[in-house]
Amino acid sequence: MSELDHQFVLEQWKKLYLVDAYEDWDVEVSPDVKQDFATIALFLDFKTSKSSGEEKEIFEGIKKASLIILDFLEIQIIDNPEEKKIQLIKKESSRVRDEKLAKEIWG
């Protein structure tokens, strides 16, 4: 596998999202999130947005795949208006949450 170019993906993402009202915002990646995973998350977010102008089926397919992969990587992308930041944070995946719930219910 080739090296993920975090800086390139980040710059492409910023060109698309940090415009107009978000022009003076920044992107912050939580220390709990691995850089390669953050790069994948930003790339998926960028590609989903870029595909939104294509056929609806293509967009919905990419959007669904992106959400599944972000859940698997345990990453959530949120905006923080108070700090003017888009943040990539670690979150519990639905897979882990489901396993915990099953253990609580059935032991």
# chains A, B, ... in the order shown; residues from 1 in each chain; ligands from 1
>>> residues_around(residues="Lys90 (chain A)", least_positions_apart="3", cutoff="6 Å", atoms="only C-alpha atoms", output="PyMOL selection string")
chain A and resi 33+74-75
>>> residues_around(residues="Ser94 (chain A)", least_positions_apart="4", cutoff="12 Å", atoms="only C-alpha atoms", output="ChimeraX atom specification")
/A:67-76,98-102
>>> write_last_selection(atoms="N, CA and C atoms", output="tab-separated table (two decimals), in the first residue's frame")
chain	number	residue	atom	x	y	z
A	67	LEU	N	-20.05	6.22	5.59
A	67	LEU	CA	-20.53	6.13	6.97
A	67	LEU	C	-20.15	4.81	7.61
A	68	ILE	N	-20.22	3.73	6.85
A	68	ILE	CA	-19.84	2.41	7.36
A	68	ILE	C	-18.35	2.37	7.70
A	69	ILE	N	-17.53	2.92	6.81
A	69	ILE	CA	-16.08	2.91	7.04
A	69	ILE	C	-15.71	3.81	8.21
A	70	LEU	N	-16.33	4.99	8.30
A	70	LEU	CA	-16.05	5.88	9.43
A	70	LEU	C	-16.47	5.22	10.74
A	71	ASP	N	-17.57	4.51	10.74
A	71	ASP	CA	-18.00	3.80	11.94
A	71	ASP	C	-16.98	2.72	12.30
A	72	PHE	N	-16.51	1.99	11.30
A	72	PHE	CA	-15.52	0.94	11.53
A	72	PHE	C	-14.22	1.54	12.09
A	73	LEU	N	-13.80	2.70	11.56
A	73	LEU	CA	-12.58	3.35	12.03
A	73	LEU	C	-12.78	4.07	13.36
A	74	GLU	N	-14.04	4.14	13.81
A	74	GLU	CA	-14.41	4.81	15.06
A	74	GLU	C	-14.06	6.29	15.03
A	75	ILE	N	-14.46	6.94	13.93
A	75	ILE	CA	-14.20	8.37	13.76
A	75	ILE	C	-15.51	9.09	13.48
A	76	GLN	N	-15.64	10.26	14.08
A	76	GLN	CA	-16.78	11.12	13.82
A	76	GLN	C	-16.26	12.51	13.44
A	98	ASP	N	-22.90	-2.50	19.97
A	98	ASP	CA	-23.80	-3.66	19.89
A	98	ASP	C	-23.27	-4.83	20.70
A	99	GLU	N	-21.95	-5.05	20.67
A	99	GLU	CA	-21.35	-6.13	21.45
A	99	GLU	C	-21.54	-5.89	22.94
A	100	LYS	N	-21.36	-4.64	23.38
A	100	LYS	CA	-21.55	-4.31	24.80
A	100	LYS	C	-23.00	-4.51	25.22
A	101	LEU	N	-23.91	-4.07	24.37
A	101	LEU	CA	-25.33	-4.22	24.67
A	101	LEU	C	-25.71	-5.69	24.74
A	102	ALA	N	-25.22	-6.50	23.82
A	102	ALA	CA	-25.53	-7.93	23.84
A	102	ALA	C	-24.99	-8.58	25.10
>>> closest_atom_pairs(of="region 37-89 of chain A", to="region 5-13 of chain A", cutoff="7 Å", atoms="only C-alpha atoms", output="Markdown table")
| residue | atom | partner | partner_atom | distance |
| --- | --- | --- | --- | --- |
| A:Thr39 | CA | A:His6 | CA | 5.3 |
| A:Leu42 | CA | A:Trp13 | CA | 6.5 |
| A:Phe43 | CA | A:Val9 | CA | 6.1 |
| A:Phe46 | CA | A:Trp13 | CA | 5.6 |
>>> write_last_selection(atoms="C-alpha atoms", output="short mmCIF file (atom, residue, chain, number, x, y, z; two decimals), in the first residue's frame")
data_model
loop_
_atom_site.label_atom_id
_atom_site.label_comp_id
_atom_site.auth_asym_id
_atom_site.auth_seq_id
_atom_site.Cartn_x
_atom_site.Cartn_y
_atom_site.Cartn_z
CA THR A 39 -6.72 10.96 6.24
CA LEU A 42 -11.24 13.36 5.23
CA PHE A 43 -10.83 11.65 1.87
CA PHE A 46 -14.35 14.95 0.35
#
>>> closest_residue(among="A:Lys50, A:Lys85, A:Lys34, A:Arg97", to="Tyr22 (chain A)", atoms="only C-alpha atoms")
A:Lys85
>>> decode(residues="chain A", atoms="C-alpha atoms", output="PDB file, in the first residue's frame")
ATOM      1  CA  MET A   1       0.000   0.000   0.000  1.00  0.00           C
ATOM      2  CA  SER A   2       1.332   3.427  -0.845  1.00  0.00           C
ATOM      3  CA  GLU A   3       1.862   6.090   1.793  1.00  0.00           C
ATOM      4  CA  LEU A   4      -1.210   8.154   2.566  1.00  0.00           C
ATOM      5  CA  ASP A   5      -0.530  11.814   1.850  1.00  0.00           C
ATOM      6  CA  HIS A   6      -2.256  13.438   4.809  1.00  0.00           C
ATOM      7  CA  GLN A   7      -1.283  17.001   3.915  1.00  0.00           C
ATOM      8  CA  PHE A   8      -2.532  16.690   0.307  1.00  0.00           C
ATOM      9  CA  VAL A   9      -5.884  15.218   1.380  1.00  0.00           C
ATOM     10  CA  LEU A  10      -6.250  17.844   4.113  1.00  0.00           C
ATOM     11  CA  GLU A  11      -5.594  20.676   1.649  1.00  0.00           C
ATOM     12  CA  GLN A  12      -8.108  19.256  -0.860  1.00  0.00           C
ATOM     13  CA  TRP A  13     -10.685  18.920   1.907  1.00  0.00           C
ATOM     14  CA  LYS A  14     -10.063  22.493   3.108  1.00  0.00           C
ATOM     15  CA  LYS A  15     -10.492  23.892  -0.424  1.00  0.00           C
ATOM     16  CA  LEU A  16     -13.942  22.337  -0.572  1.00  0.00           C
ATOM     17  CA  TYR A  17     -15.217  22.992   2.956  1.00  0.00           C
ATOM     18  CA  LEU A  18     -13.394  25.920   4.520  1.00  0.00           C
ATOM     19  CA  VAL A  19     -14.960  28.613   2.357  1.00  0.00           C
ATOM     20  CA  ASP A  20     -17.429  31.459   2.890  1.00  0.00           C
ATOM     21  CA  ALA A  21     -18.676  31.376   6.508  1.00  0.00           C
ATOM     22  CA  TYR A  22     -16.091  28.684   7.347  1.00  0.00           C
ATOM     23  CA  GLU A  23     -13.155  30.568   5.829  1.00  0.00           C
ATOM     24  CA  ASP A  24     -11.519  31.346   9.187  1.00  0.00           C
ATOM     25  CA  TRP A  25     -12.166  27.872  10.641  1.00  0.00           C
ATOM     26  CA  ASP A  26      -9.545  25.167  11.111  1.00  0.00           C
ATOM     27  CA  VAL A  27      -9.418  21.381  11.239  1.00  0.00           C
ATOM     28  CA  GLU A  28      -8.394  19.591  14.404  1.00  0.00           C
ATOM     29  CA  VAL A  29      -7.690  15.872  14.664  1.00  0.00           C
ATOM     30  CA  SER A  30      -8.008  14.404  18.135  1.00  0.00           C
ATOM     31  CA  PRO A  31      -4.813  12.730  19.403  1.00  0.00           C
ATOM     32  CA  ASP A  32      -6.950   9.591  19.886  1.00  0.00           C
ATOM     33  CA  VAL A  33      -7.407   9.317  16.105  1.00  0.00           C
ATOM     34  CA  LYS A  34      -4.601   7.741  14.063  1.00  0.00           C
ATOM     35  CA  GLN A  35      -3.373  10.041  11.294  1.00  0.00           C
ATOM     36  CA  ASP A  36      -3.939   7.458   8.546  1.00  0.00           C
ATOM     37  CA  PHE A  37      -7.512   7.004   9.758  1.00  0.00           C
ATOM     38  CA  ALA A  38      -8.024  10.783   9.808  1.00  0.00           C
ATOM     39  CA  THR A  39      -6.720  10.961   6.241  1.00  0.00           C
ATOM     40  CA  ILE A  40      -9.145   8.245   5.152  1.00  0.00           C
ATOM     41  CA  ALA A  41     -12.018  10.038   6.927  1.00  0.00           C
ATOM     42  CA  LEU A  42     -11.240  13.359   5.234  1.00  0.00           C
ATOM     43  CA  PHE A  43     -10.832  11.649   1.866  1.00  0.00           C
ATOM     44  CA  LEU A  44     -14.193   9.882   2.211  1.00  0.00           C
ATOM     45  CA  ASP A  45     -15.890  13.105   3.297  1.00  0.00           C
ATOM     46  CA  PHE A  46     -14.348  14.950   0.347  1.00  0.00           C
ATOM     47  CA  LYS A  47     -15.320  12.226  -2.149  1.00  0.00           C
ATOM     48  CA  THR A  48     -18.873  12.037  -0.813  1.00  0.00           C
ATOM     49  CA  SER A  49     -19.305  15.763  -1.264  1.00  0.00           C
ATOM     50  CA  LYS A  50     -17.750  15.706  -4.729  1.00  0.00           C
ATOM     51  CA  SER A  51     -20.097  12.876  -5.765  1.00  0.00           C
ATOM     52  CA  SER A  52     -23.209  14.752  -4.627  1.00  0.00           C
ATOM     53  CA  GLY A  53     -23.540  16.320  -8.080  1.00  0.00           C
ATOM     54  CA  GLU A  54     -23.560  12.906  -9.740  1.00  0.00           C
ATOM     55  CA  GLU A  55     -26.471  10.507 -10.047  1.00  0.00           C
ATOM     56  CA  LYS A  56     -28.399  10.028  -6.827  1.00  0.00           C
ATOM     57  CA  GLU A  57     -27.655   6.277  -6.674  1.00  0.00           C
ATOM     58  CA  ILE A  58     -23.904   6.901  -6.910  1.00  0.00           C
ATOM     59  CA  PHE A  59     -24.045   9.580  -4.213  1.00  0.00           C
ATOM     60  CA  GLU A  60     -26.141   7.452  -1.857  1.00  0.00           C
ATOM     61  CA  GLY A  61     -23.830   4.463  -2.374  1.00  0.00           C
ATOM     62  CA  ILE A  62     -20.696   6.475  -1.620  1.00  0.00           C
ATOM     63  CA  LYS A  63     -22.380   8.158   1.358  1.00  0.00           C
ATOM     64  CA  LYS A  64     -23.453   4.811   2.847  1.00  0.00           C
ATOM     65  CA  ALA A  65     -20.007   3.265   2.297  1.00  0.00           C
ATOM     66  CA  SER A  66     -18.350   6.309   3.866  1.00  0.00           C
ATOM     67  CA  LEU A  67     -20.527   6.135   6.970  1.00  0.00           C
ATOM     68  CA  ILE A  68     -19.836   2.408   7.363  1.00  0.00           C
ATOM     69  CA  ILE A  69     -16.080   2.911   7.037  1.00  0.00           C
ATOM     70  CA  LEU A  70     -16.051   5.880   9.434  1.00  0.00           C
ATOM     71  CA  ASP A  71     -18.003   3.795  11.935  1.00  0.00           C
ATOM     72  CA  PHE A  72     -15.515   0.944  11.533  1.00  0.00           C
ATOM     73  CA  LEU A  73     -12.578   3.350  12.030  1.00  0.00           C
ATOM     74  CA  GLU A  74     -14.410   4.809  15.061  1.00  0.00           C
ATOM     75  CA  ILE A  75     -14.198   8.369  13.756  1.00  0.00           C
ATOM     76  CA  GLN A  76     -16.782  11.118  13.818  1.00  0.00           C
ATOM     77  CA  ILE A  77     -16.487  14.463  12.004  1.00  0.00           C
ATOM     78  CA  ILE A  78     -18.174  17.284  13.923  1.00  0.00           C
ATOM     79  CA  ASP A  79     -18.234  21.041  13.712  1.00  0.00           C
ATOM     80  CA  ASN A  80     -17.490  23.167  16.752  1.00  0.00           C
ATOM     81  CA  PRO A  81     -18.805  26.700  16.091  1.00  0.00           C
ATOM     82  CA  GLU A  82     -17.547  28.062  19.427  1.00  0.00           C
ATOM     83  CA  GLU A  83     -13.939  27.295  18.494  1.00  0.00           C
ATOM     84  CA  LYS A  84     -14.447  27.614  14.720  1.00  0.00           C
ATOM     85  CA  LYS A  85     -13.069  24.124  14.159  1.00  0.00           C
ATOM     86  CA  ILE A  86     -14.029  21.011  12.317  1.00  0.00           C
ATOM     87  CA  GLN A  87     -12.973  18.165  14.584  1.00  0.00           C
ATOM     88  CA  LEU A  88     -12.244  14.531  13.901  1.00  0.00           C
ATOM     89  CA  ILE A  89     -12.863  12.698  17.137  1.00  0.00           C
ATOM     90  CA  LYS A  90     -12.845   9.105  18.276  1.00  0.00           C
ATOM     91  CA  LYS A  91     -16.243   7.539  18.848  1.00  0.00           C
ATOM     92  CA  GLU A  92     -17.426   4.093  19.773  1.00  0.00           C
ATOM     93  CA  SER A  93     -18.386   2.108  16.694  1.00  0.00           C
ATOM     94  CA  SER A  94     -21.868   0.617  16.439  1.00  0.00           C
ATOM     95  CA  ARG A  95     -20.185  -2.810  16.294  1.00  0.00           C
ATOM     96  CA  VAL A  96     -18.564  -2.288  19.731  1.00  0.00           C
ATOM     97  CA  ARG A  97     -21.728  -0.698  21.113  1.00  0.00           C
ATOM     98  CA  ASP A  98     -23.802  -3.657  19.887  1.00  0.00           C
ATOM     99  CA  GLU A  99     -21.350  -6.127  21.447  1.00  0.00           C
ATOM    100  CA  LYS A 100     -21.545  -4.310  24.798  1.00  0.00           C
ATOM    101  CA  LEU A 101     -25.332  -4.219  24.668  1.00  0.00           C
ATOM    102  CA  ALA A 102     -25.527  -7.935  23.837  1.00  0.00           C
ATOM    103  CA  LYS A 103     -23.213  -8.735  26.740  1.00  0.00           C
ATOM    104  CA  GLU A 104     -25.378  -6.659  29.115  1.00  0.00           C
ATOM    105  CA  ILE A 105     -28.554  -8.348  27.931  1.00  0.00           C
ATOM    106  CA  TRP A 106     -27.365 -11.950  27.610  1.00  0.00           C
ATOM    107  CA  GLY A 107     -24.277 -11.951  29.786  1.00  0.00           C
TER     108      GLY A 107
END
